[in-house]
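Enquirer: Before we start, here is the structure in question, set down as structure tokens.
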Amino acid sequence: MDLKTVYVTVGTTKFDALVAAITSEPALKALKTRQCQKLIIQHGNSLPLTEDAVQLIRDSLGLEIEQYKFRPNREDIRDADLIIGHAGAGTCMDILNNNKHGLIVINDQLMDNHQWELARQLASENYLYYSKVADLDENLATLDFNALKPYETQPENLKKFVAAVNELMS
């Protein structure tokens, strides 16, 4: 499966480890192998790449890099072949409701981390994959995103999702 445009989002959080992992040489090479041409990074409160780093990636791999702190992301989601994001409920719903391939990266630095449970549940139903930060490059290289099934936006599915989130939060 070609991943021409990949959208990475950390939401409103600070998740420097995800930004660093997706822009590491192994992850970028895995994306390039999968025909990625454009990487869009919504870095939120995380540190953005320096202009020198962006230029180095462009020159060495030919990847177009776009990054921003916050903006409406409807177009980015619509245009993406793959969405990589933190395991916030909003990001998960964006992936599911827009029938996108998704890879959720768990921020295991968070206290009382319920992201694992949400990601595991959605992965067990074959709606998306999840990964630890340390495994991101390997998962980008090996996962079969075509094996994921589309999420059906029926009221009972939304009720199941809300119930699962409520259960995790209680």
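Residue numbering restarts at 1 in every chain; chains get A, B, ... in the order shown in the structure tokens, and ligands count up from 1 in that same order.
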Enumerate, as a PyMOL selection string, the complete set of residues in chain A that a backbone-based DSSP assignment places in strand (DSSP E or B).

Expert: chain A and resi 5-9+38-42+64-68+82-86+101-106+129-132

Enquirer: Have a look at A:Asn98, A:Gln154, A:Gln67, A:Gln35 and name the one nearest to A:Thr23; count only C-alpha atoms.

Expert: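 Smallest distance to A:Thr23 is found for A:Gln67.
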
Enquirer: Report as a list in words all protein, DNA and RNA residues lying within 9 Å of A:Ala89, evaluated on only C-alpha atoms, omitting residues in the same chain fewer than 4 positions from it.

Expert: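 After dropping sequence-adjacent residues, the list is Met93, Asp94, Gln115, Leu118 and Val165 of chain A.
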
Enquirer: Find, counting only C-alpha atoms, the residue in A:Glu25, A:Glu75, A:Glu66, A:Glu125 that gets nearest to A:Leu148.

Expert: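 Result for the nearest residue to A:Leu148: A:Glu125.
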
Enquirer: Rank A:Val133, A:Trp116, A:Phe70, A:Asp108 by their smallest atom-to-atom distance to A:Ala17, using only C-alpha atoms, and report the top residue only.

Expert: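 Nearest candidate to A:Ala17 out of A:Val133, A:Trp116, A:Phe70, A:Asp108: A:Val133.
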
Enquirer: Can you tell me how far atom CA of A:Asp135 sits from atom CA of A:Ile104, in Å to one decimal?

Expert: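 So the two atoms, atom CA of A:Asp135 and atom CA of A:Ile104, lie 11.5 Å apart.
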
Enquirer: Applying 12 Å and only C-alpha atoms, which residues near A:Asn166 remain after dropping the ones on its own chain fewer than 5 positions away? List them as a compact mmCIF listing (two decimals) with C-alpha atoms, in the first residue's frame.

Expert:
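The resulting file, out-v2.txt, is shown below:
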# COMPACT_ATOMS: atom_id res chain seq x y z
CA ALA A 89 -10.24 9.72 21.82
CA HIS A 114 -5.75 4.82 29.67
CA GLU A 117 -6.87 0.27 26.75
CA LEU A 118 -8.49 2.41 24.06
CA LYS A 159 -22.48 4.03 21.46
CA LYS A 160 -19.93 1.20 21.87
CA PHE A 161 -17.07 3.67 21.44

Enquirer: With only C-alpha atoms as the counted atoms, please give the residues lying no more than 8 Å from A:Arg34, apart from itself and same-chain residues fewer than 5 positions off, as a CSV table (one decimal) with C-alpha atoms, in the first residue's frame.

Expert:
chain,number,residue,atom,x,y,z
A,1,MET,CA,0.0,0.0,0.0
A,2,ASP,CA,1.3,3.4,-1.0
A,3,LEU,CA,1.3,6.1,1.7
A,4,LYS,CA,1.8,9.2,-0.4
A,141,ALA,CA,7.9,-0.9,7.6

Enquirer: Nearest residue to A:Ala30 out of A:Leu110, A:Val54, A:Ala87, A:Leu61, using only C-alpha atoms?

Expert: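 Answer, going by the shortest atom-to-atom distance: A:Leu61.
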
Enquirer: Of the candidates A:Leu103, A:Leu140, A:Val8, A:Leu56, which shows the shortest atom-to-atom distance to A:Arg120, using only C-alpha atoms?

Expert: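 Residue with the minimum atom-to-atom distance to A:Arg120: A:Leu103.
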